[in-house]
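Engineer: Dropping in model-v1.cif, which is mmCIF, C-alpha atoms, pLDDT in the B column; chains and numbers go by the auth columns:
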data_coords
#
loop_
_atom_site.group_PDB
_atom_site.id
_atom_site.type_symbol
_atom_site.label_atom_id
_atom_site.label_comp_id
_atom_site.label_asym_id
_atom_site.label_seq_id
_atom_site.Cartn_x
_atom_site.Cartn_y
_atom_site.Cartn_z
_atom_site.B_iso_or_equiv
_atom_site.auth_seq_id
_atom_site.auth_asym_id
ATOM 1 C CA MET A 1 -24.927 1.635 1.032 72.00 107 A
ATOM 2 C CA LYS A 2 -24.268 -1.878 -0.192 76.00 108 A
ATOM 3 C CA THR A 3 -23.256 -4.581 2.228 76.00 109 A
ATOM 4 C CA ILE A 4 -20.036 -6.472 1.552 71.00 110 A
ATOM 5 C CA ARG A 5 -22.080 -9.355 0.139 77.00 111 A
ATOM 6 C CA GLU A 6 -23.802 -7.030 -2.301 81.00 112 A
ATOM 7 C CA GLN A 7 -20.597 -5.521 -3.681 76.00 113 A
ATOM 8 C CA SER A 8 -19.015 -6.762 -6.883 89.00 114 A
ATOM 9 C CA ALA A 9 -15.452 -8.061 -6.771 91.00 115 A
ATOM 10 C CA ARG A 10 -14.329 -4.773 -8.331 91.00 116 A
ATOM 11 C CA GLU A 11 -16.174 -2.629 -5.784 91.00 117 A
ATOM 12 C CA LEU A 12 -14.854 -4.727 -2.925 93.00 118 A
ATOM 13 C CA ILE A 13 -11.190 -4.481 -3.927 96.00 119 A
ATOM 14 C CA LEU A 14 -11.538 -0.766 -4.702 95.00 120 A
ATOM 15 C CA ASN A 15 -13.098 -0.029 -1.312 93.00 121 A
ATOM 16 C CA PHE A 16 -10.609 -2.098 0.681 96.00 122 A
ATOM 17 C CA ARG A 17 -7.648 -0.685 -1.248 98.00 123 A
ATOM 18 C CA GLN A 18 -8.833 2.887 -0.663 97.00 124 A
ATOM 19 C CA PHE A 19 -9.414 2.361 3.056 97.00 125 A
ATOM 20 C CA GLU A 20 -6.041 0.677 3.588 98.00 126 A
ATOM 21 C CA PHE A 21 -4.230 3.227 1.415 98.00 127 A
ATOM 22 C CA ALA A 22 -5.568 6.110 3.517 97.00 128 A
ATOM 23 C CA THR A 23 -4.427 4.335 6.681 97.00 129 A
ATOM 24 C CA THR A 24 -0.987 3.614 5.216 98.00 130 A
ATOM 25 C CA MET A 25 -0.593 7.263 4.160 98.00 131 A
ATOM 26 C CA ARG A 26 -1.359 8.406 7.729 96.00 132 A
ATOM 27 C CA VAL A 27 1.354 6.074 8.997 97.00 133 A
ATOM 28 C CA LEU A 28 3.902 7.190 6.394 98.00 134 A
ATOM 29 C CA LYS A 29 3.177 10.900 6.913 98.00 135 A
ATOM 30 C CA ALA A 30 3.908 10.453 10.626 97.00 136 A
ATOM 31 C CA TYR A 31 7.486 9.360 9.931 98.00 137 A
ATOM 32 C CA PRO A 32 10.264 11.905 10.583 97.00 138 A
ATOM 33 C CA GLU A 33 12.079 12.687 7.346 95.00 139 A
ATOM 34 C CA ASP A 34 15.433 13.034 9.083 97.00 140 A
ATOM 35 C CA LYS A 35 15.330 9.337 10.011 97.00 141 A
ATOM 36 C CA LEU A 36 14.644 7.797 6.596 97.00 142 A
ATOM 37 C CA ASP A 37 17.929 5.909 6.656 97.00 143 A
ATOM 38 C CA MET A 38 17.215 4.290 10.045 97.00 144 A
ATOM 39 C CA LYS A 39 17.270 0.485 10.179 96.00 145 A
ATOM 40 C CA PRO A 40 16.067 -1.282 13.330 93.00 146 A
ATOM 41 C CA ALA A 41 18.470 -4.189 12.718 94.00 147 A
ATOM 42 C CA GLU A 42 21.263 -5.070 10.312 94.00 148 A
ATOM 43 C CA LYS A 43 19.008 -7.387 8.254 95.00 149 A
ATOM 44 C CA SER A 44 16.173 -4.846 8.171 95.00 150 A
ATOM 45 C CA ARG A 45 15.431 -2.480 5.334 96.00 151 A
ATOM 46 C CA SER A 46 15.852 1.216 5.979 97.00 152 A
ATOM 47 C CA ALA A 47 12.683 3.243 6.463 98.00 153 A
ATOM 48 C CA ARG A 48 13.233 4.713 2.978 97.00 154 A
ATOM 49 C CA GLN A 49 13.514 1.234 1.442 97.00 155 A
ATOM 50 C CA LEU A 50 10.338 0.145 3.202 97.00 156 A
ATOM 51 C CA ILE A 51 8.503 3.209 1.885 98.00 157 A
ATOM 52 C CA THR A 52 9.608 2.336 -1.650 98.00 158 A
ATOM 53 C CA THR A 53 8.208 -1.148 -1.056 97.00 159 A
ATOM 54 C CA PHE A 54 4.745 0.381 -0.561 98.00 160 A
ATOM 55 C CA ILE A 55 5.129 2.339 -3.780 98.00 161 A
ATOM 56 C CA SER A 56 6.437 -0.707 -5.651 97.00 162 A
ATOM 57 C CA GLU A 57 3.349 -2.665 -4.631 97.00 163 A
ATOM 58 C CA GLU A 58 1.203 -0.012 -6.319 98.00 164 A
ATOM 59 C CA TYR A 59 3.377 -0.222 -9.432 97.00 165 A
ATOM 60 C CA VAL A 60 2.745 -3.983 -9.458 97.00 166 A
ATOM 61 C CA CYS A 61 -1.019 -3.430 -9.261 97.00 167 A
ATOM 62 C CA ARG A 62 -0.914 -0.831 -12.019 97.00 168 A
ATOM 63 C CA ALA A 63 1.237 -3.041 -14.262 96.00 169 A
ATOM 64 C CA VAL A 64 -1.070 -6.023 -13.832 96.00 170 A
ATOM 65 C CA MET A 65 -4.091 -3.883 -14.688 96.00 171 A
ATOM 66 C CA GLN A 66 -2.267 -2.653 -17.809 94.00 172 A
ATOM 67 C CA GLY A 67 -1.532 -6.233 -18.832 92.00 173 A
ATOM 68 C CA HIS A 68 2.214 -5.831 -18.177 92.00 174 A
ATOM 69 C CA ALA A 69 4.493 -8.150 -16.226 91.00 175 A
ATOM 70 C CA PRO A 70 4.015 -7.353 -12.517 92.00 176 A
ATOM 71 C CA TYR A 71 7.470 -5.918 -11.803 93.00 177 A
ATOM 72 C CA SER A 72 8.134 -4.346 -15.191 92.00 178 A
ATOM 73 C CA ASP A 73 7.266 -0.738 -14.317 91.00 179 A
ATOM 74 C CA ILE A 74 9.013 -0.298 -10.951 96.00 180 A
ATOM 75 C CA PRO A 75 11.573 2.541 -11.090 94.00 181 A
ATOM 76 C CA ARG A 76 15.241 1.738 -10.546 93.00 182 A
ATOM 77 C CA SER A 77 15.839 4.879 -8.488 95.00 183 A
ATOM 78 C CA TRP A 78 13.777 6.953 -6.099 97.00 184 A
ATOM 79 C CA PRO A 79 13.725 10.554 -4.889 96.00 185 A
ATOM 80 C CA ASP A 80 15.344 11.280 -1.525 93.00 186 A
ATOM 81 C CA ASP A 81 12.554 13.539 -0.292 95.00 187 A
ATOM 82 C CA LEU A 82 9.732 11.955 1.746 97.00 188 A
ATOM 83 C CA ALA A 83 7.106 14.299 0.290 97.00 189 A
ATOM 84 C CA GLU A 84 8.131 13.316 -3.247 97.00 190 A
ATOM 85 C CA LEU A 85 7.949 9.621 -2.356 98.00 191 A
ATOM 86 C CA LEU A 86 4.467 10.087 -0.916 98.00 192 A
ATOM 87 C CA ASP A 87 3.390 12.036 -4.016 98.00 193 A
ATOM 88 C CA ILE A 88 4.504 9.123 -6.210 98.00 194 A
ATOM 89 C CA PHE A 89 2.713 6.649 -3.942 98.00 195 A
ATOM 90 C CA ASN A 90 -0.479 8.699 -4.185 98.00 196 A
ATOM 91 C CA GLN A 91 -0.214 9.141 -7.952 98.00 197 A
ATOM 92 C CA VAL A 92 0.421 5.472 -8.765 98.00 198 A
ATOM 93 C CA HIS A 93 -2.309 4.385 -6.333 98.00 199 A
ATOM 94 C CA ASP A 94 -4.805 6.739 -8.004 98.00 200 A
ATOM 95 C CA GLU A 95 -3.814 5.460 -11.449 98.00 201 A
ATOM 96 C CA ALA A 96 -4.255 1.834 -10.370 98.00 202 A
ATOM 97 C CA GLN A 97 -7.597 2.619 -8.721 98.00 203 A
ATOM 98 C CA GLY A 98 -8.803 4.279 -11.926 98.00 204 A
ATOM 99 C CA MET A 99 -7.830 1.231 -13.961 97.00 205 A
ATOM 100 C CA ILE A 100 -9.540 -1.134 -11.533 97.00 206 A
ATOM 101 C CA ALA A 101 -12.684 1.025 -11.568 96.00 207 A
ATOM 102 C CA GLN A 102 -12.809 0.811 -15.372 96.00 208 A
ATOM 103 C CA ALA A 103 -11.917 -2.892 -15.598 95.00 209 A
ATOM 104 C CA ASP A 104 -14.474 -5.430 -16.665 93.00 210 A
ATOM 105 C CA ASP A 105 -14.685 -8.941 -15.248 92.00 211 A
ATOM 106 C CA GLU A 106 -12.566 -10.313 -18.078 94.00 212 A
ATOM 107 C CA GLU A 107 -9.691 -7.964 -17.196 94.00 213 A
ATOM 108 C CA LEU A 108 -9.926 -8.792 -13.491 95.00 214 A
ATOM 109 C CA ASP A 109 -10.009 -12.511 -14.279 96.00 215 A
ATOM 110 C CA ARG A 110 -7.032 -12.341 -16.688 95.00 216 A
ATOM 111 C CA VAL A 111 -4.406 -14.887 -15.594 96.00 217 A
ATOM 112 C CA VAL A 112 -0.901 -13.531 -15.064 95.00 218 A
ATOM 113 C CA ASP A 113 2.397 -15.035 -14.022 94.00 219 A
ATOM 114 C CA PHE A 114 3.050 -13.808 -10.509 95.00 220 A
ATOM 115 C CA ASN A 115 6.290 -15.082 -9.032 93.00 221 A
ATOM 116 C CA GLY A 116 5.925 -18.344 -10.952 94.00 222 A
ATOM 117 C CA PHE A 117 2.257 -18.843 -10.044 95.00 223 A
ATOM 118 C CA GLN A 118 -0.613 -18.444 -12.477 96.00 224 A
ATOM 119 C CA VAL A 119 -3.154 -16.211 -10.752 95.00 225 A
ATOM 120 C CA ARG A 120 -5.908 -13.811 -11.735 96.00 226 A
ATOM 121 C CA ALA A 121 -5.164 -10.082 -11.854 97.00 227 A
ATOM 122 C CA LEU A 122 -7.768 -9.661 -9.088 97.00 228 A
ATOM 123 C CA ASP A 123 -5.819 -12.073 -6.897 97.00 229 A
ATOM 124 C CA VAL A 124 -2.626 -10.058 -7.425 97.00 230 A
ATOM 125 C CA LEU A 125 -4.494 -6.966 -6.196 98.00 231 A
ATOM 126 C CA TRP A 126 -5.516 -8.818 -3.028 98.00 232 A
ATOM 127 C CA ILE A 127 -2.023 -10.258 -2.507 97.00 233 A
ATOM 128 C CA GLU A 128 -0.443 -6.815 -2.819 97.00 234 A
ATOM 129 C CA LEU A 129 -3.043 -5.293 -0.487 98.00 235 A
ATOM 130 C CA HIS A 130 -2.290 -7.871 2.188 98.00 236 A
ATOM 131 C CA ASP A 131 1.430 -7.304 1.699 97.00 237 A
ATOM 132 C CA GLN A 132 0.896 -3.558 2.172 97.00 238 A
ATOM 133 C CA ILE A 133 -0.944 -4.246 5.439 98.00 239 A
ATOM 134 C CA HIS A 134 1.882 -6.532 6.568 97.00 240 A
ATOM 135 C CA HIS A 135 4.563 -3.949 5.805 97.00 241 A
ATOM 136 C CA ARG A 136 2.509 -1.183 7.408 97.00 242 A
ATOM 137 C CA GLY A 137 2.577 -3.136 10.674 96.00 243 A
ATOM 138 C CA GLN A 138 6.324 -3.455 10.269 96.00 244 A
ATOM 139 C CA PHE A 139 6.603 0.264 9.561 97.00 245 A
ATOM 140 C CA SER A 140 4.599 1.169 12.675 96.00 246 A
ATOM 141 C CA VAL A 141 7.482 -0.294 14.700 96.00 247 A
ATOM 142 C CA TYR A 142 9.873 1.985 12.790 97.00 248 A
ATOM 143 C CA LEU A 143 7.696 4.932 13.843 96.00 249 A
ATOM 144 C CA ARG A 144 8.014 4.038 17.504 95.00 250 A
ATOM 145 C CA LEU A 145 11.784 3.468 17.220 96.00 251 A
ATOM 146 C CA ALA A 146 12.185 6.813 15.449 97.00 252 A
ATOM 147 C CA GLY A 147 10.364 8.571 18.282 96.00 253 A
ATOM 148 C CA ALA A 148 7.366 9.456 16.128 97.00 254 A
ATOM 149 C CA ARG A 149 3.714 9.284 17.070 95.00 255 A
ATOM 150 C CA VAL A 150 1.941 6.108 15.939 95.00 256 A
ATOM 151 C CA PRO A 151 -1.455 6.969 14.442 95.00 257 A
ATOM 152 C CA SER A 152 -4.517 4.807 14.822 93.00 258 A
ATOM 153 C CA ILE A 153 -4.453 1.937 12.365 93.00 259 A
ATOM 154 C CA TYR A 154 -7.348 -0.350 13.285 93.00 260 A
ATOM 155 C CA GLY A 155 -7.885 1.016 16.753 91.00 261 A
ATOM 156 C CA PRO A 156 -6.357 3.268 19.368 91.00 262 A
ATOM 157 C CA THR A 157 -2.624 3.571 19.981 91.00 263 A
ATOM 158 C CA ALA A 158 -0.714 5.044 22.904 91.00 264 A
ATOM 159 C CA ASP A 159 -0.469 8.232 20.818 92.00 265 A
ATOM 160 C CA GLU A 160 -4.085 8.234 19.623 90.00 266 A
ATOM 161 C CA PRO A 161 -6.156 6.732 22.422 88.00 267 A
ATOM 162 C CA LEU A 162 -9.848 5.978 22.132 83.00 268 A
ATOM 163 C CA LYS A 163 -11.869 9.124 22.635 78.00 269 A
ATOM 164 C CA LYS A 164 -15.146 9.031 24.504 70.00 270 A
ATOM 165 C CA GLN A 165 -18.174 10.267 22.612 69.00 271 A
ATOM 166 C CA SER A 166 -19.782 13.326 24.214 67.00 272 A
#
So, in terms of structure tokens, how does the structure I just supplied come out?

Structural biologist:
Amino acid sequence: MKTIREQSARELILNFRQFEFATTMRVLKAYPEDKLDMKPAEKSRSARQLITTFISEEYVCRAVMQGHAPYSDIPRSWPDDLAELLDIFNQVHDEAQGMIAQADDEELDRVVDFNGFQVRALDVLWIELHDQIHHRGQFSVYLRLAGARVPSIYGPTADEPLKKQS
């Protein structure tokens, strides 16, 4: 196994994206479907809107890897069903991962306009990954407010405490 220092930029982003995606999916799958319209506060997004934010971030990554404008491929409407939303999230993530895996350094270093800033495609992938992590933390609060179990994210939770090794 390569250390982090031995990994290429492509391997590093692929590995971090896959690890964080799996964690985010555990969090999203724990959410009760009957509470998708819940908002913790008036200014907050609903749980459904926050879930579509995760999916939109994957669309941004895929678009950038295709050489498209970052927000050009995001759908205007979404399914109501949680399982369908998670299927789309998984599909678009897998597509983006495949594109990243096949990308050469020139594609990863391609400069794109991202919210008025000129950044490399690789940087957009990192920005979107960090945004996913940020929103996942936000979503974990929605889980608690909805009465759902909060799965382990980076360590134990009240619902998934640390287990002693036998």

Engineer: Check the smallest atom-to-atom distance from each of A:Arg132, A:Arg154, A:His174, A:Lys145 to Ala227 in chain A using only C-alpha atoms, then report the winner.

Structural biologist: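 Ranking A:Arg132, A:Arg154, A:His174, A:Lys145 by distance to Ala227 in chain A, first place goes to A:His174.
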
Engineer: Which residue out of A:Glu163, A:Glu212, A:Asp219, A:Glu190 has the minimum interatomic distance to Glu139 in chain A when all atoms listed in the file are used?

Structural biologist: A:Glu190

Engineer: When you draw a straight line from CA of Ala115 in chain A to CA of Gln172 in chain A, how long is it in Å?

Structural biologist: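 Distance reported for this atom pair: 18.0 Å.
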
Engineer: I'd like the interatomic distance between CA of Tyr177 in chain A and CA of Ile233 in chain A, to a tenth of an Å.

Structural biologist: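 Distance reported for this atom pair: 14.0 Å.
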
Engineer: Which polymer residues have any atom within 8 Å of an atom of Cys167 in chain A, counting all atoms listed in the file, with same-chain residues fewer than 6 positions away left out, as an mmCIF file with C-alpha atoms, keeping the file's coordinate frame?

Structural biologist:
data_model
loop_
_atom_site.group_PDB
_atom_site.id
_atom_site.type_symbol
_atom_site.label_atom_id
_atom_site.label_comp_id
_atom_site.auth_asym_id
_atom_site.auth_seq_id
_atom_site.Cartn_x
_atom_site.Cartn_y
_atom_site.Cartn_z
ATOM 1 C CA PRO A 176 4.015 -7.353 -12.517
ATOM 2 C CA ALA A 202 -4.255 1.834 -10.370
ATOM 3 C CA VAL A 230 -2.626 -10.058 -7.425
ATOM 4 C CA LEU A 231 -4.494 -6.966 -6.196
ATOM 5 C CA GLU A 234 -0.443 -6.815 -2.819
#

Engineer: Point out the residue among A:Ser178, A:Gln113, A:Thr158, A:Asn121 with the least atom-to-atom distance to Ile206 in chain A, counting only C-alpha atoms.

Structural biologist: A:Asn121

Engineer: Run the PyMOL selection byres ((chain A and resi 246) around 10) mentally over the shown coordinates, then write out the matched residues as a compact mmCIF listing (two decimals) with C-alpha atoms, keeping the file's coordinate frame, using the chain letters and numbers from the document.

Structural biologist:
# COMPACT_ATOMS: atom_id res chain seq x y z
CA THR A 130 -0.99 3.61 5.22
CA VAL A 133 1.35 6.07 9.00
CA LEU A 134 3.90 7.19 6.39
CA ALA A 136 3.91 10.45 10.63
CA TYR A 137 7.49 9.36 9.93
CA HIS A 241 4.56 -3.95 5.80
CA ARG A 242 2.51 -1.18 7.41
CA GLY A 243 2.58 -3.14 10.67
CA GLN A 244 6.32 -3.46 10.27
CA PHE A 245 6.60 0.26 9.56
CA VAL A 247 7.48 -0.29 14.70
CA TYR A 248 9.87 1.98 12.79
CA LEU A 249 7.70 4.93 13.84
CA ARG A 250 8.01 4.04 17.50
CA LEU A 251 11.78 3.47 17.22
CA ALA A 252 12.18 6.81 15.45
CA ALA A 254 7.37 9.46 16.13
CA ARG A 255 3.71 9.28 17.07
CA VAL A 256 1.94 6.11 15.94
CA PRO A 257 -1.46 6.97 14.44
CA ILE A 259 -4.45 1.94 12.36

Engineer: What is the CA of Gly253 in chain A-CA of Ile239 in chain A distance in Å, reported with one decimal?

Structural biologist: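 Value for the CA of Gly253 in chain A-CA of Ile239 in chain A distance: 21.4 Å.
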
Engineer: So, with all atoms listed in the file as the atoms that count, which of A:Lys135, A:Lys108, A:His236, A:Arg226 lies closest to Phe122 in chain A?

Structural biologist: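 So, comparing all the options, the nearest one is A:His236.
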
Engineer: I'd like the box whose edges run along x, y and z of the file and which contains every listed atom of range 173-191 of chain A, padded by 3 Å per side; could you state its centre and edge lengths in Å, one decimal, as JSON?

Structural biologist:
{"center_x": 7.2, "center_y": 3.1, "center_z": -8.5, "size_x": 23.4, "size_y": 28.4, "size_z": 26.6}

Engineer: Applying the PyMOL selection byres ((chain A and resi 207) around 8) to the file I just gave you, which residues come out? Please list them as a list in words.

Structural biologist: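 This file, filtered by the PyMOL selection byres ((chain A and resi 207) around 8), leaves Arg116, Glu117, Leu120, Gln203, Gly204, Met205, Ile206, Gln208 and Ala209 of chain A.
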
Engineer: Taking C-alpha atoms for each residue, export the selection above as a PDB file, in the coordinates of the input.

Structural biologist:
ATOM      1  CA  ARG A 116     -14.329  -4.773  -8.331  1.00 91.00           C
ATOM      2  CA  GLU A 117     -16.174  -2.629  -5.784  1.00 91.00           C
ATOM      3  CA  LEU A 120     -11.538  -0.766  -4.702  1.00 95.00           C
ATOM      4  CA  GLN A 203      -7.597   2.619  -8.721  1.00 98.00           C
ATOM      5  CA  GLY A 204      -8.803   4.279 -11.926  1.00 98.00           C
ATOM      6  CA  MET A 205      -7.830   1.231 -13.961  1.00 97.00           C
ATOM      7  CA  ILE A 206      -9.540  -1.134 -11.533  1.00 97.00           C
ATOM      8  CA  GLN A 208     -12.809   0.811 -15.372  1.00 96.00           C
ATOM      9  CA  ALA A 209     -11.917  -2.892 -15.598  1.00 95.00           C
TER      10      ALA A 209
END

Engineer: Ranking A:Thr263, A:Val166, A:Ser114, A:Asn196 by minimum distance to Asp211 in chain A and counting all atoms listed in the file, which one comes first?

Structural biologist: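 Between A:Thr263, A:Val166, A:Ser114, A:Asn196, the residue approaching Asp211 in chain A most closely is A:Ser114.
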
Engineer: So that I can check the surroundings of Ile194 in chain A, please list as a list in words every protein, DNA and RNA residue that reaches within 10 Å of it, counting only C-alpha atoms and ignoring chain neighbours fewer than 5 positions away.

Structural biologist: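 Residues meeting the cut-off are Thr158, Ile161, Glu164, Tyr165, Trp184, Pro185, Leu188, Ala189, His199 and Asp200 of chain A.
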
Engineer: If we count all atoms listed in the file, what is near Asp143 in chain A at a cut-off of 9 Å, once residues fewer than 6 positions away on the same chain are taken out, given as a ChimeraX atom specification?

Structural biologist: /A:151-155

Engineer: Complete range 170-200 of chain A with N, CA and C atoms (output as a PDB file, keeping the file's coordinate frame).

Structural biologist:
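File produced: rebuild_32.pdb:
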ATOM      1  N   VAL A 170      -0.173  -4.889 -13.591  1.00 96.00           N
ATOM      2  CA  VAL A 170      -1.070  -6.023 -13.832  1.00 96.00           C
ATOM      3  C   VAL A 170      -2.365  -5.549 -14.509  1.00 96.00           C
ATOM      4  N   MET A 171      -2.873  -4.401 -14.067  1.00 96.00           N
ATOM      5  CA  MET A 171      -4.091  -3.883 -14.688  1.00 96.00           C
ATOM      6  C   MET A 171      -3.845  -3.427 -16.126  1.00 96.00           C
ATOM      7  N   GLN A 172      -2.611  -3.049 -16.439  1.00 94.00           N
ATOM      8  CA  GLN A 172      -2.267  -2.653 -17.809  1.00 94.00           C
ATOM      9  C   GLN A 172      -1.947  -3.853 -18.688  1.00 94.00           C
ATOM     10  N   GLY A 173      -1.893  -5.042 -18.081  1.00 92.00           N
ATOM     11  CA  GLY A 173      -1.532  -6.233 -18.832  1.00 92.00           C
ATOM     12  C   GLY A 173      -0.033  -6.428 -18.958  1.00 92.00           C
ATOM     13  N   HIS A 174       0.759  -5.705 -18.166  1.00 92.00           N
ATOM     14  CA  HIS A 174       2.214  -5.831 -18.177  1.00 92.00           C
ATOM     15  C   HIS A 174       2.657  -6.865 -17.142  1.00 92.00           C
ATOM     16  N   ALA A 175       3.912  -7.278 -17.249  1.00 91.00           N
ATOM     17  CA  ALA A 175       4.493  -8.150 -16.226  1.00 91.00           C
ATOM     18  C   ALA A 175       4.493  -7.381 -14.905  1.00 91.00           C
ATOM     19  N   PRO A 176       4.203  -8.053 -13.790  1.00 92.00           N
ATOM     20  CA  PRO A 176       4.015  -7.353 -12.517  1.00 92.00           C
ATOM     21  C   PRO A 176       5.127  -6.408 -12.088  1.00 92.00           C
ATOM     22  N   TYR A 177       6.380  -6.747 -12.310  1.00 93.00           N
ATOM     23  CA  TYR A 177       7.470  -5.918 -11.803  1.00 93.00           C
ATOM     24  C   TYR A 177       8.124  -5.061 -12.879  1.00 93.00           C
ATOM     25  N   SER A 178       7.506  -4.999 -14.047  1.00 92.00           N
ATOM     26  CA  SER A 178       8.134  -4.346 -15.191  1.00 92.00           C
ATOM     27  C   SER A 178       8.212  -2.827 -15.086  1.00 92.00           C
ATOM     28  N   ASP A 179       7.338  -2.200 -14.325  1.00 91.00           N
ATOM     29  CA  ASP A 179       7.266  -0.738 -14.317  1.00 91.00           C
ATOM     30  C   ASP A 179       7.890  -0.087 -13.082  1.00 91.00           C
ATOM     31  N   ILE A 180       8.467  -0.866 -12.185  1.00 96.00           N
ATOM     32  CA  ILE A 180       9.013  -0.298 -10.951  1.00 96.00           C
ATOM     33  C   ILE A 180      10.289   0.477 -11.270  1.00 96.00           C
ATOM     34  N   PRO A 181      10.364   1.741 -10.823  1.00 94.00           N
ATOM     35  CA  PRO A 181      11.573   2.541 -11.090  1.00 94.00           C
ATOM     36  C   PRO A 181      12.822   1.926 -10.462  1.00 94.00           C
ATOM     37  N   ARG A 182      13.951   2.227 -11.050  1.00 93.00           N
ATOM     38  CA  ARG A 182      15.241   1.738 -10.546  1.00 93.00           C
ATOM     39  C   ARG A 182      15.824   2.675  -9.497  1.00 93.00           C
ATOM     40  N   SER A 183      15.361   3.925  -9.492  1.00 95.00           N
ATOM     41  CA  SER A 183      15.839   4.879  -8.488  1.00 95.00           C
ATOM     42  C   SER A 183      14.649   5.675  -7.969  1.00 95.00           C
ATOM     43  N   TRP A 184      14.861   6.255  -6.795  1.00 97.00           N
ATOM     44  CA  TRP A 184      13.777   6.953  -6.099  1.00 97.00           C
ATOM     45  C   TRP A 184      14.262   8.323  -5.627  1.00 97.00           C
ATOM     46  N   PRO A 185      13.335   9.264  -5.472  1.00 96.00           N
ATOM     47  CA  PRO A 185      13.725  10.554  -4.889  1.00 96.00           C
ATOM     48  C   PRO A 185      14.147  10.385  -3.431  1.00 96.00           C
ATOM     49  N   ASP A 186      14.916  11.318  -2.926  1.00 93.00           N
ATOM     50  CA  ASP A 186      15.344  11.280  -1.525  1.00 93.00           C
ATOM     51  C   ASP A 186      14.301  11.868  -0.585  1.00 93.00           C
ATOM     52  N   ASP A 187      13.503  12.769  -1.089  1.00 95.00           N
ATOM     53  CA  ASP A 187      12.554  13.539  -0.292  1.00 95.00           C
ATOM     54  C   ASP A 187      11.299  12.716   0.042  1.00 95.00           C
ATOM     55  N   LEU A 188      10.913  12.706   1.312  1.00 97.00           N
ATOM     56  CA  LEU A 188       9.732  11.955   1.746  1.00 97.00           C
ATOM     57  C   LEU A 188       8.472  12.446   1.048  1.00 97.00           C
ATOM     58  N   ALA A 189       8.301  13.759   0.944  1.00 97.00           N
ATOM     59  CA  ALA A 189       7.106  14.299   0.290  1.00 97.00           C
ATOM     60  C   ALA A 189       7.012  13.825  -1.162  1.00 97.00           C
ATOM     61  N   GLU A 190       8.133  13.792  -1.861  1.00 97.00           N
ATOM     62  CA  GLU A 190       8.131  13.316  -3.247  1.00 97.00           C
ATOM     63  C   GLU A 190       7.765  11.836  -3.316  1.00 97.00           C
ATOM     64  N   LEU A 191       8.294  11.043  -2.396  1.00 98.00           N
ATOM     65  CA  LEU A 191       7.949   9.621  -2.356  1.00 98.00           C
ATOM     66  C   LEU A 191       6.455   9.436  -2.129  1.00 98.00           C
ATOM     67  N   LEU A 192       5.897  10.214  -1.208  1.00 98.00           N
ATOM     68  CA  LEU A 192       4.467  10.087  -0.916  1.00 98.00           C
ATOM     69  C   LEU A 192       3.619  10.574  -2.088  1.00 98.00           C
ATOM     70  N   ASP A 193       4.097  11.584  -2.810  1.00 98.00           N
ATOM     71  CA  ASP A 193       3.390  12.036  -4.016  1.00 98.00           C
ATOM     72  C   ASP A 193       3.343  10.925  -5.067  1.00 98.00           C
ATOM     73  N   ILE A 194       4.465  10.237  -5.247  1.00 98.00           N
ATOM     74  CA  ILE A 194       4.504   9.123  -6.210  1.00 98.00           C
ATOM     75  C   ILE A 194       3.564   8.021  -5.763  1.00 98.00           C
ATOM     76  N   PHE A 195       3.600   7.681  -4.494  1.00 98.00           N
ATOM     77  CA  PHE A 195       2.713   6.649  -3.942  1.00 98.00           C
ATOM     78  C   PHE A 195       1.258   7.005  -4.229  1.00 98.00           C
ATOM     79  N   ASN A 196       0.888   8.251  -3.958  1.00 98.00           N
ATOM     80  CA  ASN A 196      -0.479   8.699  -4.185  1.00 98.00           C
ATOM     81  C   ASN A 196      -0.850   8.646  -5.667  1.00 98.00           C
ATOM     82  N   GLN A 197       0.053   9.103  -6.517  1.00 98.00           N
ATOM     83  CA  GLN A 197      -0.214   9.141  -7.952  1.00 98.00           C
ATOM     84  C   GLN A 197      -0.408   7.730  -8.527  1.00 98.00           C
ATOM     85  N   VAL A 198       0.496   6.822  -8.198  1.00 98.00           N
ATOM     86  CA  VAL A 198       0.421   5.472  -8.765  1.00 98.00           C
ATOM     87  C   VAL A 198      -0.798   4.732  -8.198  1.00 98.00           C
ATOM     88  N   HIS A 199      -1.102   4.975  -6.924  1.00 98.00           N
ATOM     89  CA  HIS A 199      -2.309   4.385  -6.333  1.00 98.00           C
ATOM     90  C   HIS A 199      -3.553   4.873  -7.076  1.00 98.00           C
ATOM     91  N   ASP A 200      -3.646   6.190  -7.303  1.00 98.00           N
ATOM     92  CA  ASP A 200      -4.805   6.739  -8.004  1.00 98.00           C
ATOM     93  C   ASP A 200      -4.924   6.174  -9.418  1.00 98.00           C
TER      94      ASP A 200
END
